[in-house]
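The file model-v2.tsv contains TSV, C-alpha atoms:
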```
chain	number	residue	atom	x	y	z
G	766	MET	CA	-16.46	-17.79	-13.75
G	767	ALA	CA	-18.71	-15.50	-11.72
G	768	LEU	CA	-17.86	-13.26	-8.81
G	769	ASP	CA	-18.28	-14.59	-5.28
G	770	MET	CA	-21.97	-14.21	-4.41
G	771	ASP	CA	-21.06	-13.44	-0.78
G	772	MET	CA	-19.31	-10.29	-1.91
G	773	ASP	CA	-21.40	-7.15	-1.38
G	774	ARG	CA	-21.55	-4.87	-4.41
G	775	PHE	CA	-23.23	-1.50	-4.66
G	776	LEU	CA	-23.05	2.00	-6.08
G	777	LEU	CA	-21.63	4.65	-3.77
G	778	ARG	CA	-23.61	7.86	-4.34
G	779	ASP	CA	-24.25	6.57	-7.88
G	780	ARG	CA	-20.66	7.51	-8.74
G	781	LEU	CA	-18.53	4.50	-7.85
G	782	TRP	CA	-18.94	0.74	-7.82
G	783	ILE	CA	-17.78	-0.80	-4.56
G	784	LEU	CA	-17.18	-4.52	-4.15
G	785	THR	CA	-16.53	-5.39	-0.54
G	786	ALA	CA	-16.12	-8.31	1.84
G	787	PRO	CA	-14.94	-8.17	5.47
G	788	VAL	CA	-11.47	-9.53	6.14
G	789	GLY	CA	-11.53	-9.18	9.93
G	790	VAL	CA	-8.92	-6.43	10.14
G	791	PRO	CA	-10.27	-3.26	11.82
G	792	VAL	CA	-7.96	-0.89	9.93
G	793	TYR	CA	-9.09	-2.36	6.60
G	794	ASP	CA	-12.81	-3.16	6.96
G	795	PHE	CA	-15.28	-0.30	6.60
G	796	ASP	CA	-19.10	-0.34	6.64
G	797	PHE	CA	-19.92	1.80	3.58
G	798	ARG	CA	-23.67	1.28	3.88
G	799	ARG	CA	-23.70	2.73	7.37
G	800	TYR	CA	-22.26	6.07	6.29
G	801	PHE	CA	-23.11	6.56	2.62
G	802	ASP	CA	-26.02	6.49	0.20
G	803	CYS	CA	-25.56	3.06	-1.39
G	804	ARG	CA	-27.79	1.07	-3.74
G	805	THR	CA	-27.55	-2.07	-5.83
G	806	PRO	CA	-29.34	-1.57	-9.16
G	807	TYR	CA	-30.78	-4.52	-11.05
G	808	GLU	CA	-29.01	-3.45	-14.24
G	809	VAL	CA	-25.37	-2.43	-14.13
G	810	PRO	CA	-24.92	1.12	-15.47
G	811	SER	CA	-21.92	1.61	-17.74
G	812	GLY	CA	-19.12	4.12	-17.41
G	813	ILE	CA	-18.87	3.97	-13.61
G	814	PRO	CA	-15.45	3.05	-12.17
G	815	GLY	CA	-15.15	0.20	-9.70
G	816	VAL	CA	-13.10	-0.40	-6.58
G	817	ALA	CA	-12.77	-3.67	-4.67
G	818	ARG	CA	-12.14	-3.80	-0.93
G	819	ILE	CA	-11.82	-7.55	-0.35
G	820	GLY	CA	-8.28	-7.80	1.02
G	821	ALA	CA	-5.16	-8.83	-0.85
G	822	PHE	CA	-5.83	-10.26	-4.30
G	823	GLY	CA	-4.66	-13.77	-4.98
G	824	ASP	CA	-5.08	-13.51	-8.76
G	825	TYR	CA	-5.94	-9.97	-9.74
G	826	GLY	CA	-5.99	-10.71	-13.47
G	827	THR	CA	-8.76	-13.29	-13.05
G	828	PHE	CA	-10.69	-11.10	-10.63
G	829	HIS	CA	-10.43	-8.13	-13.01
G	830	GLN	CA	-11.85	-10.28	-15.82
G	831	GLN	CA	-14.71	-11.54	-13.62
G	832	CYS	CA	-15.65	-7.95	-12.78
G	833	ALA	CA	-15.54	-6.98	-16.45
G	834	GLU	CA	-17.90	-9.85	-17.30
G	835	GLU	CA	-20.32	-8.41	-14.72
G	836	GLY	CA	-20.05	-4.97	-16.34
G	837	ILE	CA	-17.82	-3.47	-13.62
G	838	ALA	CA	-14.62	-1.81	-14.83
G	839	LEU	CA	-12.11	-1.70	-11.99
G	840	VAL	CA	-9.98	1.45	-11.87
G	841	HIS	CA	-6.77	-0.57	-12.23
G	842	SER	CA	-5.91	-2.83	-15.12
G	843	PRO	CA	-3.81	-5.89	-14.20
G	844	ALA	CA	-0.74	-3.96	-15.36
G	845	ASP	CA	-1.68	-0.97	-13.17
G	846	HIS	CA	-2.17	-3.25	-10.17
G	847	GLU	CA	1.23	-4.85	-10.60
G	848	ARG	CA	2.96	-1.51	-11.12
G	849	CYS	CA	1.71	-0.08	-7.83
G	850	THR	CA	2.10	-3.33	-5.88
G	851	PHE	CA	5.43	-5.00	-6.77
G	852	LEU	CA	8.64	-3.21	-5.80
G	853	PRO	CA	10.58	-4.39	-8.88
G	854	LEU	CA	8.04	-2.48	-11.00
G	855	TRP	CA	7.55	0.71	-8.99
G	856	TYR	CA	11.12	1.10	-7.73
G	857	PRO	CA	12.72	1.99	-11.11
G	858	LEU	CA	10.15	4.77	-11.52
G	859	ILE	CA	11.02	6.48	-8.22
G	860	GLU	CA	14.55	5.25	-7.54
G	861	THR	CA	15.76	8.65	-6.32
G	862	LEU	CA	12.92	8.95	-3.78
G	863	THR	CA	13.29	5.66	-1.93
G	864	PRO	CA	16.02	3.55	-0.27
G	865	ARG	CA	18.40	1.79	-2.64
G	866	SER	CA	17.07	-1.70	-3.39
G	867	ARG	CA	17.90	-4.91	-5.20
G	868	TRP	CA	15.76	-8.01	-5.70
G	869	PHE	CA	16.47	-11.66	-6.38
G	870	PRO	CA	14.24	-14.45	-7.79
G	871	GLY	CA	15.28	-16.67	-4.88
G	872	ILE	CA	17.14	-16.24	-1.61
G	873	PRO	CA	20.58	-14.88	-2.53
G	874	SER	CA	23.86	-16.03	-1.06
G	875	LEU	CA	25.70	-13.84	1.41
G	876	PRO	CA	28.39	-12.94	-1.16
G	877	GLU	CA	25.66	-11.82	-3.59
G	878	VAL	CA	24.17	-9.53	-0.97
G	879	GLU	CA	27.54	-8.20	0.17
G	880	ASP	CA	28.41	-7.33	-3.43
G	881	HIS	CA	25.73	-4.63	-3.22
G	882	PHE	CA	25.14	-3.79	0.45
G	883	GLU	CA	26.83	-3.37	3.78
G	884	PHE	CA	25.01	-4.42	6.93
G	885	PRO	CA	22.60	-3.40	8.32
G	886	ILE	CA	20.01	-3.98	5.58
G	887	PHE	CA	16.26	-4.31	5.35
G	888	ILE	CA	14.68	-7.47	3.91
G	889	LYS	CA	11.16	-7.91	2.54
G	890	GLY	CA	9.21	-9.66	-0.15
G	891	ALA	CA	8.73	-7.91	-3.48
G	892	ARG	CA	5.14	-7.27	-2.50
G	893	GLN	CA	5.10	-7.02	1.31
G	894	THR	CA	6.73	-7.80	4.64
G	895	SER	CA	5.57	-10.55	6.97
G	896	LYS	CA	3.37	-8.54	9.33
G	897	HIS	CA	6.26	-6.16	10.10
G	898	ARG	CA	8.20	-8.84	12.03
G	899	ALA	CA	11.54	-7.26	12.97
G	900	VAL	CA	13.49	-10.53	12.99
G	901	ALA	CA	12.44	-11.19	9.39
G	902	SER	CA	13.13	-7.64	8.23
G	903	ILE	CA	16.06	-5.95	9.95
G	904	VAL	CA	19.40	-7.68	9.40
G	905	ARG	CA	22.53	-6.37	11.10
G	906	SER	CA	25.01	-9.20	10.57
G	907	ARG	CA	25.80	-12.34	8.58
G	908	ALA	CA	24.27	-14.50	11.31
G	909	GLU	CA	21.06	-12.46	11.30
G	910	PHE	CA	20.92	-12.76	7.51
G	911	GLU	CA	21.01	-16.55	7.74
G	912	GLU	CA	18.24	-16.45	10.35
G	913	ALA	CA	16.11	-14.12	8.24
G	914	ALA	CA	16.66	-16.30	5.16
G	915	GLN	CA	15.38	-19.35	7.04
G	916	ILE	CA	12.29	-17.41	8.10
G	917	PHE	CA	11.76	-16.26	4.50
G	918	ARG	CA	11.84	-19.84	3.19
G	919	ALA	CA	9.20	-21.03	5.67
G	920	ASP	CA	6.97	-17.97	5.96
G	921	PRO	CA	3.56	-18.35	4.22
G	922	ILE	CA	3.53	-14.66	3.27
G	923	LEU	CA	7.13	-14.38	2.09
G	924	HIS	CA	8.21	-17.69	0.53
G	925	TRP	CA	6.48	-17.16	-2.84
G	926	GLN	CA	7.75	-13.58	-3.29
G	927	ASP	CA	10.99	-12.33	-4.82
G	928	PHE	CA	13.58	-11.58	-2.15
G	929	VAL	CA	14.26	-7.84	-1.74
G	930	CYS	CA	17.23	-6.21	0.01
G	931	ARG	CA	17.03	-2.51	0.82
G	932	GLU	CA	19.41	0.03	2.27
G	933	LEU	CA	18.45	0.53	5.91
G	934	LEU	CA	18.24	4.27	6.50
G	935	ASP	CA	17.97	5.86	9.93
G	936	LEU	CA	14.38	7.02	10.33
G	937	ARG	CA	13.08	9.54	12.84
G	938	PRO	CA	11.76	7.40	15.67
G	939	VAL	CA	8.45	7.71	17.50
G	940	SER	CA	7.66	6.24	20.90
G	941	GLY	CA	5.54	3.18	21.47
G	942	GLY	CA	4.91	0.49	18.91
G	943	THR	CA	4.56	-3.26	19.26
G	944	GLU	CA	7.21	-5.55	20.68
G	945	GLY	CA	8.78	-7.79	18.06
G	946	LYS	CA	7.77	-5.55	15.16
G	947	ILE	CA	9.78	-3.06	13.13
G	948	PRO	CA	10.45	0.03	15.30
G	949	ALA	CA	7.83	2.72	14.79
G	950	SER	CA	9.05	5.78	12.88
G	951	PHE	CA	7.75	9.16	11.75
G	952	GLU	CA	5.88	7.60	8.82
G	953	PHE	CA	2.57	8.49	7.19
G	954	ARG	CA	0.22	6.71	4.82
G	955	THR	CA	-1.19	8.84	2.02
G	956	PHE	CA	-4.11	7.96	-0.27
G	957	TRP	CA	-4.37	9.37	-3.80
G	958	TRP	CA	-7.30	9.16	-6.22
G	959	LYS	CA	-6.64	10.16	-9.83
G	960	GLY	CA	-3.78	12.39	-8.73
G	961	HIS	CA	-5.64	14.02	-5.85
G	962	LEU	CA	-4.77	13.56	-2.19
G	963	VAL	CA	-7.87	12.08	-0.53
G	964	GLY	CA	-6.54	11.04	2.87
G	965	ALA	CA	-3.48	10.76	5.10
G	966	GLY	CA	-2.65	9.60	8.59
G	967	ALA	CA	0.04	8.22	10.85
G	968	TYR	CA	1.21	4.83	9.61
G	969	TRP	CA	2.11	3.37	13.01
G	970	TYR	CA	-1.34	3.67	14.57
G	971	GLU	CA	-0.31	1.21	17.34
G	972	ALA	CA	2.45	3.60	18.51
G	973	ASP	CA	2.02	6.62	20.74
G	974	SER	CA	0.15	9.39	18.95
G	975	TYR	CA	2.24	11.51	16.58
G	976	SER	CA	1.48	14.06	13.87
G	977	TRP	CA	3.20	16.34	11.39
G	978	ASN	CA	3.19	20.12	11.37
G	979	ASN	CA	2.22	22.12	8.29
G	980	ALA	CA	5.77	22.38	6.94
G	981	GLU	CA	6.47	18.67	7.45
G	982	ARG	CA	3.17	17.77	5.82
G	983	ALA	CA	3.90	19.94	2.79
G	984	ASP	CA	7.38	18.46	2.32
G	985	ALA	CA	6.15	14.88	2.78
G	986	LEU	CA	3.26	15.30	0.35
G	987	ALA	CA	5.53	16.87	-2.26
G	988	VAL	CA	7.61	13.67	-2.25
G	989	ALA	CA	4.53	11.45	-2.30
G	990	ARG	CA	3.06	13.42	-5.19
G	991	ARG	CA	6.19	12.81	-7.26
G	992	ALA	CA	5.66	9.08	-6.78
G	993	VAL	CA	1.99	9.40	-7.73
G	994	GLU	CA	2.90	11.21	-10.94
G	995	ALA	CA	5.62	8.69	-11.79
G	996	LEU	CA	3.44	5.60	-11.31
G	997	GLY	CA	0.29	6.96	-12.96
G	998	CYS	CA	-2.15	4.69	-11.09
G	999	ALA	CA	-5.70	5.77	-10.32
G	1000	PHE	CA	-5.90	4.67	-6.67
G	1001	LEU	CA	-2.46	4.71	-5.10
G	1002	VAL	CA	-1.18	4.56	-1.55
G	1003	VAL	CA	2.24	6.03	-0.87
G	1004	ASP	CA	3.91	5.61	2.53
G	1005	VAL	CA	6.44	8.33	3.34
G	1006	ALA	CA	8.79	8.69	6.31
G	1007	GLN	CA	11.31	11.23	7.56
G	1008	THR	CA	14.94	10.27	8.08
G	1009	THR	CA	16.91	11.46	11.10
G	1010	ASP	CA	18.54	14.12	8.91
G	1011	GLY	CA	15.13	15.57	8.01
G	1012	ARG	CA	14.77	14.14	4.50
G	1013	TRP	CA	11.44	12.64	3.36
G	1014	ILE	CA	11.54	9.34	1.48
G	1015	VAL	CA	9.05	6.88	0.00
G	1016	ILE	CA	8.91	3.69	2.05
G	1017	GLU	CA	6.37	1.79	-0.02
G	1018	CYS	CA	3.79	2.06	-2.79
G	1019	ASN	CA	0.60	0.01	-2.79
G	1020	ASP	CA	-2.68	-0.48	-4.58
G	1021	GLY	CA	-5.31	1.54	-2.69
G	1022	MET	CA	-7.76	-1.33	-3.07
G	1023	GLU	CA	-5.57	-3.59	-0.92
G	1024	SER	CA	-4.29	-1.09	1.62
G	1025	GLY	CA	-5.37	-0.68	5.23
G	1026	TYR	CA	-6.31	2.82	6.34
G	1027	ALA	CA	-3.77	3.04	9.21
G	1028	ALA	CA	-4.77	6.25	11.06
G	1029	ALA	CA	-6.37	7.90	8.01
G	1030	SER	CA	-10.15	8.41	8.12
G	1031	PRO	CA	-11.92	5.97	5.77
G	1032	PHE	CA	-15.05	8.13	5.83
G	1033	ALA	CA	-13.09	11.19	4.70
G	1034	ILE	CA	-11.28	9.18	2.02
G	1035	TRP	CA	-14.45	7.85	0.42
G	1036	GLN	CA	-16.33	11.12	0.84
G	1037	THR	CA	-13.55	12.90	-1.05
G	1038	ILE	CA	-13.36	10.23	-3.75
G	1039	ALA	CA	-17.12	10.47	-4.29
G	1040	ASP	CA	-16.84	14.26	-4.48
G	1041	ILE	CA	-14.14	13.98	-7.15
G	1042	GLU	CA	-16.30	11.60	-9.18
G	1043	ASP	CA	-19.18	14.07	-8.72
G	1044	GLY	CA	-17.09	16.86	-10.21
G	1045	VAL	CA	-16.59	18.81	-6.99
G	1046	GLU	CA	-13.53	21.04	-7.20
G	1047	LEU	CA	-11.20	20.30	-4.30
G	1048	GLU	CA	-9.19	22.88	-2.40
G	1049	PRO	CA	-5.50	22.79	-3.45
```

Is it possible to give me this structure as structure tokens?
Amino acid sequence: MALDMDMDRFLLRDRLWILTAPVGVPVYDFDFRRYFDCRTPYEVPSGIPGVARIGAFGDYGTFHQQCAEEGIALVHSPADHERCTFLPLWYPLIETLTPRSRWFPGIPSLPEVEDHFEFPIFIKGARQTSKHRAVASIVRSRAEFEEAAQIFRADPILHWQDFVCRELLDLRPVSGGTEGKIPASFEFRTFWWKGHLVGAGAYWYEADSYSWNNAERADALAVARRAVEALGCAFLVVDVAQTTDGRWIVIECNDGMESGYAAASPFAIWQTIADIEDGVELEP
């Protein structure tokens, strides 16, 4: 089976294969050809890593194989992709850095949940939330749990995922945000390429503007770097947030190929990745 012919594919500065298709989300889509030297050679050169920016993968294993048949070696194997995408795989590697969690193959009963947690708790799918909807995520009582469970069963994003319960920690709030969504907090999205930080920005870009100072940035990145080292994935996104008592924690890990940029600069991210592939020594 061949790759989708509508998918654009090109070499970025002759150092990186990019496969891209617009998904209609401004914080995900990026026009590489507008900002970088890109070309599509007739013959596929070997030994050049590949990255896909086509949205969330439905079947990464099949897509990875299709790319391989075209001579494009994606930076993540199927096992790598799963390890940096599914909480049941990344959580055991960074358990001390992130809220206490437990997952279930189906929707658990209230007694099962209460055996491990006290309300309030945070609910999500093993891979993602449902567009940050608060009513489907933040559960403060038995009645709210039943409501969230009903949403989970019917939601097109959630229903196929394992059901995850997480300890709900008090996060440092920020002003603004979107009504009906999870309250915005002092959270940042960090992008890592082969162990190097290549970009970072405020996660809640819809909220009022917020930023970290040098000390906060250093502490947050130290926690994120521990996650990067533990997971060992080539293109990893680590979301970190500060609790109300000043501690930095990992909120989520994701495959960098699937992740939106939030308030990080896509140009800076890809410029830095290309520099790394070109052998440029980065500042520490």

Would you kindly identify which residues have an atom no farther than 10 Å from (-2.6, 2.6, 16.1), using only C-alpha atoms and the file's own coordinates, and write them out as a PyMOL selection string? chain G and resi 792+941-943+967-974+1027-1028

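Closest approach to G:Leu923 among G:Gly1044, G:Gly945, G:Gly871, G:Gly960 is made by G:Gly871 (distances from all atoms listed in the file).
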
Residues near stretch 900-909 of chain G, anyone? I mean within 12 Å using all atoms listed in the file, not counting same-chain ones fewer than 4 positions away, as an MDAnalysis selection string. chainID G and resid 874:876 878:879 882:890 893:896 913:920 922:924 928:935 944:948

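Compared by their closest atoms to G:Tyr807, and using only C-alpha atoms, the residues G:Leu768, G:Ala985, G:Leu776, G:Ile1041 rank with G:Leu776 nearest.
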
So which residues fall inside 10 Å of (-14.7, -9.0, -10.2) if we count only C-alpha atoms? Mind giving them as a list in words? Met766, Ala767, Leu768, Asp769, Met772, Arg774, Leu784, Gly815, Val816, Ala817, Tyr825, Gly826, Thr827, Phe828, His829, Gln830, Gln831, Cys832, Ala833, Glu834, Glu835, Gly836, Ile837, Ala838 and Leu839 of chain G

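Here the question is which of G:Pro870, G:Pro843, G:Pro857, G:Pro938 gets nearest to G:Gln1007 using all atoms listed in the file, and that residue is G:Pro938.
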
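Distance annotation: of G:Ala899, G:Thr850, G:Phe910, G:Arg982, the residue with the minimal separation from G:Ala949 is G:Ala899; atom set is all atoms listed in the file.
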
Could you work out an axis-aligned bounding box for all listed atoms of stretch 794-812 of chain G, with 8 Å added on each of the six sides, and give its centre and edge lengths in Å to one decimal, as lines of an AutoDock Vina configuration file?
```
center_x = -21.8
center_y = 1.0
center_z = -5.2
size_x = 34.0
size_y = 27.1
size_z = 41.1
```

Go through stretch 803-866 of chain G and flag each residue having an atom no more than 6 Å from stretch 1009-1023 of chain G; for those, report the closest pair of atoms plus their distance in Å to one decimal, using all atoms listed in the file, ordered by chain and rising number, as CSV.
```
residue,atom,partner,partner_atom,distance
G:Ala817,CA,G:Met1022,CA,5.8
G:Arg818,CA,G:Met1022,CA,5.5
G:Gly820,CA,G:Glu1023,CA,5.4
G:Ala821,CA,G:Glu1023,CA,5.3
G:Cys849,CA,G:Asn1019,CA,5.2
G:Thr850,CA,G:Asn1019,CA,4.8
G:Leu862,CA,G:Ile1014,CA,5.5
G:Thr863,CA,G:Val1015,CA,4.8
```

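Here atom CA of G:Leu936 is placed at a distance of 29.6 Å from atom CA of G:Asp845.
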
Got a minute to add all heavy atoms to stretch 828-839 of chain G and dump it as a PDB file, in the coordinates of the input?
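After the write, selection38.pdb holds the following:
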```pdb
ATOM      1  N   PHE G 828      -9.648 -11.888 -11.288  1.00  0.00           N
ATOM      2  CA  PHE G 828     -10.690 -11.100 -10.630  1.00  0.00           C
ATOM      3  C   PHE G 828     -11.105  -9.909 -11.507  1.00  0.00           C
ATOM      4  O   PHE G 828     -12.295  -9.604 -11.637  1.00  0.00           O
ATOM      5  CB  PHE G 828     -10.194 -10.602  -9.274  1.00  0.00           C
ATOM      6  CG  PHE G 828     -11.193  -9.782  -8.520  1.00  0.00           C
ATOM      7  CD1 PHE G 828     -12.280 -10.381  -7.906  1.00  0.00           C
ATOM      8  CD2 PHE G 828     -11.052  -8.399  -8.431  1.00  0.00           C
ATOM      9  CE1 PHE G 828     -13.213  -9.621  -7.209  1.00  0.00           C
ATOM     10  CE2 PHE G 828     -11.970  -7.634  -7.744  1.00  0.00           C
ATOM     11  CZ  PHE G 828     -13.066  -8.252  -7.136  1.00  0.00           C
ATOM     12  N   HIS G 829     -10.141  -9.255 -12.123  1.00  0.00           N
ATOM     13  CA  HIS G 829     -10.430  -8.130 -13.010  1.00  0.00           C
ATOM     14  C   HIS G 829     -11.328  -8.580 -14.158  1.00  0.00           C
ATOM     15  O   HIS G 829     -12.291  -7.882 -14.525  1.00  0.00           O
ATOM     16  CB  HIS G 829      -9.113  -7.566 -13.541  1.00  0.00           C
ATOM     17  CG  HIS G 829      -9.259  -6.367 -14.416  1.00  0.00           C
ATOM     18  ND1 HIS G 829      -9.469  -6.463 -15.779  1.00  0.00           N
ATOM     19  CD2 HIS G 829      -9.238  -5.034 -14.134  1.00  0.00           C
ATOM     20  CE1 HIS G 829      -9.555  -5.262 -16.295  1.00  0.00           C
ATOM     21  NE2 HIS G 829      -9.423  -4.377 -15.326  1.00  0.00           N
ATOM     22  N   GLN G 830     -11.039  -9.754 -14.724  1.00  0.00           N
ATOM     23  CA  GLN G 830     -11.850 -10.280 -15.820  1.00  0.00           C
ATOM     24  C   GLN G 830     -13.253 -10.617 -15.353  1.00  0.00           C
ATOM     25  O   GLN G 830     -14.241 -10.343 -16.053  1.00  0.00           O
ATOM     26  CB  GLN G 830     -11.169 -11.510 -16.411  1.00  0.00           C
ATOM     27  CG  GLN G 830     -11.934 -12.154 -17.567  1.00  0.00           C
ATOM     28  CD  GLN G 830     -12.122 -11.218 -18.749  1.00  0.00           C
ATOM     29  OE1 GLN G 830     -11.251 -10.390 -19.034  1.00  0.00           O
ATOM     30  NE2 GLN G 830     -13.256 -11.339 -19.436  1.00  0.00           N
ATOM     31  N   GLN G 831     -13.384 -11.211 -14.168  1.00  0.00           N
ATOM     32  CA  GLN G 831     -14.710 -11.540 -13.620  1.00  0.00           C
ATOM     33  C   GLN G 831     -15.548 -10.277 -13.436  1.00  0.00           C
ATOM     34  O   GLN G 831     -16.741 -10.264 -13.756  1.00  0.00           O
ATOM     35  CB  GLN G 831     -14.550 -12.267 -12.288  1.00  0.00           C
ATOM     36  CG  GLN G 831     -13.970 -13.662 -12.407  1.00  0.00           C
ATOM     37  CD  GLN G 831     -13.625 -14.257 -11.052  1.00  0.00           C
ATOM     38  OE1 GLN G 831     -13.547 -13.551 -10.052  1.00  0.00           O
ATOM     39  NE2 GLN G 831     -13.415 -15.559 -11.018  1.00  0.00           N
ATOM     40  N   CYS G 832     -14.922  -9.216 -12.939  1.00  0.00           N
ATOM     41  CA  CYS G 832     -15.650  -7.950 -12.780  1.00  0.00           C
ATOM     42  C   CYS G 832     -16.093  -7.405 -14.132  1.00  0.00           C
ATOM     43  O   CYS G 832     -17.224  -6.935 -14.277  1.00  0.00           O
ATOM     44  CB  CYS G 832     -14.757  -6.937 -12.059  1.00  0.00           C
ATOM     45  SG  CYS G 832     -14.477  -7.281 -10.314  1.00  0.00           S
ATOM     46  N   ALA G 833     -15.203  -7.476 -15.115  1.00  0.00           N
ATOM     47  CA  ALA G 833     -15.540  -6.980 -16.450  1.00  0.00           C
ATOM     48  C   ALA G 833     -16.723  -7.734 -17.035  1.00  0.00           C
ATOM     49  O   ALA G 833     -17.594  -7.141 -17.696  1.00  0.00           O
ATOM     50  CB  ALA G 833     -14.321  -7.094 -17.367  1.00  0.00           C
ATOM     51  N   GLU G 834     -16.779  -9.048 -16.793  1.00  0.00           N
ATOM     52  CA  GLU G 834     -17.900  -9.850 -17.300  1.00  0.00           C
ATOM     53  C   GLU G 834     -19.208  -9.465 -16.633  1.00  0.00           C
ATOM     54  O   GLU G 834     -20.278  -9.685 -17.194  1.00  0.00           O
ATOM     55  CB  GLU G 834     -17.599 -11.329 -17.086  1.00  0.00           C
ATOM     56  CG  GLU G 834     -16.467 -11.847 -17.985  1.00  0.00           C
ATOM     57  CD  GLU G 834     -16.013 -13.237 -17.616  1.00  0.00           C
ATOM     58  OE1 GLU G 834     -16.550 -13.803 -16.626  1.00  0.00           O
ATOM     59  OE2 GLU G 834     -15.110 -13.778 -18.296  1.00  0.00           O
ATOM     60  N   GLU G 835     -19.128  -8.887 -15.428  1.00  0.00           N
ATOM     61  CA  GLU G 835     -20.320  -8.410 -14.720  1.00  0.00           C
ATOM     62  C   GLU G 835     -20.643  -6.960 -15.068  1.00  0.00           C
ATOM     63  O   GLU G 835     -21.573  -6.377 -14.518  1.00  0.00           O
ATOM     64  CB  GLU G 835     -20.121  -8.540 -13.211  1.00  0.00           C
ATOM     65  CG  GLU G 835     -19.932  -9.956 -12.712  1.00  0.00           C
ATOM     66  CD  GLU G 835     -21.238 -10.718 -12.607  1.00  0.00           C
ATOM     67  OE1 GLU G 835     -22.296 -10.069 -12.590  1.00  0.00           O
ATOM     68  OE2 GLU G 835     -21.192 -11.962 -12.563  1.00  0.00           O
ATOM     69  N   GLY G 836     -19.825  -6.358 -15.937  1.00  0.00           N
ATOM     70  CA  GLY G 836     -20.050  -4.970 -16.340  1.00  0.00           C
ATOM     71  C   GLY G 836     -19.405  -3.944 -15.434  1.00  0.00           C
ATOM     72  O   GLY G 836     -19.723  -2.752 -15.517  1.00  0.00           O
ATOM     73  N   ILE G 837     -18.486  -4.378 -14.560  1.00  0.00           N
ATOM     74  CA  ILE G 837     -17.820  -3.470 -13.620  1.00  0.00           C
ATOM     75  C   ILE G 837     -16.363  -3.315 -14.051  1.00  0.00           C
ATOM     76  O   ILE G 837     -15.605  -4.290 -14.075  1.00  0.00           O
ATOM     77  CB  ILE G 837     -17.901  -4.004 -12.183  1.00  0.00           C
ATOM     78  CG1 ILE G 837     -19.368  -4.127 -11.749  1.00  0.00           C
ATOM     79  CG2 ILE G 837     -17.133  -3.090 -11.230  1.00  0.00           C
ATOM     80  CD1 ILE G 837     -19.553  -4.794 -10.401  1.00  0.00           C
ATOM     81  N   ALA G 838     -15.985  -2.092 -14.384  1.00  0.00           N
ATOM     82  CA  ALA G 838     -14.620  -1.810 -14.830  1.00  0.00           C
ATOM     83  C   ALA G 838     -13.804  -1.282 -13.650  1.00  0.00           C
ATOM     84  O   ALA G 838     -13.962  -0.130 -13.235  1.00  0.00           O
ATOM     85  CB  ALA G 838     -14.637  -0.785 -15.961  1.00  0.00           C
ATOM     86  N   LEU G 839     -12.953  -2.127 -13.102  1.00  0.00           N
ATOM     87  CA  LEU G 839     -12.110  -1.700 -11.990  1.00  0.00           C
ATOM     88  C   LEU G 839     -11.145  -0.598 -12.442  1.00  0.00           C
ATOM     89  O   LEU G 839     -10.721  -0.572 -13.597  1.00  0.00           O
ATOM     90  CB  LEU G 839     -11.328  -2.879 -11.428  1.00  0.00           C
ATOM     91  CG  LEU G 839     -12.159  -3.993 -10.786  1.00  0.00           C
ATOM     92  CD1 LEU G 839     -11.252  -5.133 -10.345  1.00  0.00           C
ATOM     93  CD2 LEU G 839     -12.965  -3.472  -9.596  1.00  0.00           C
TER      94      LEU G 839
END
```
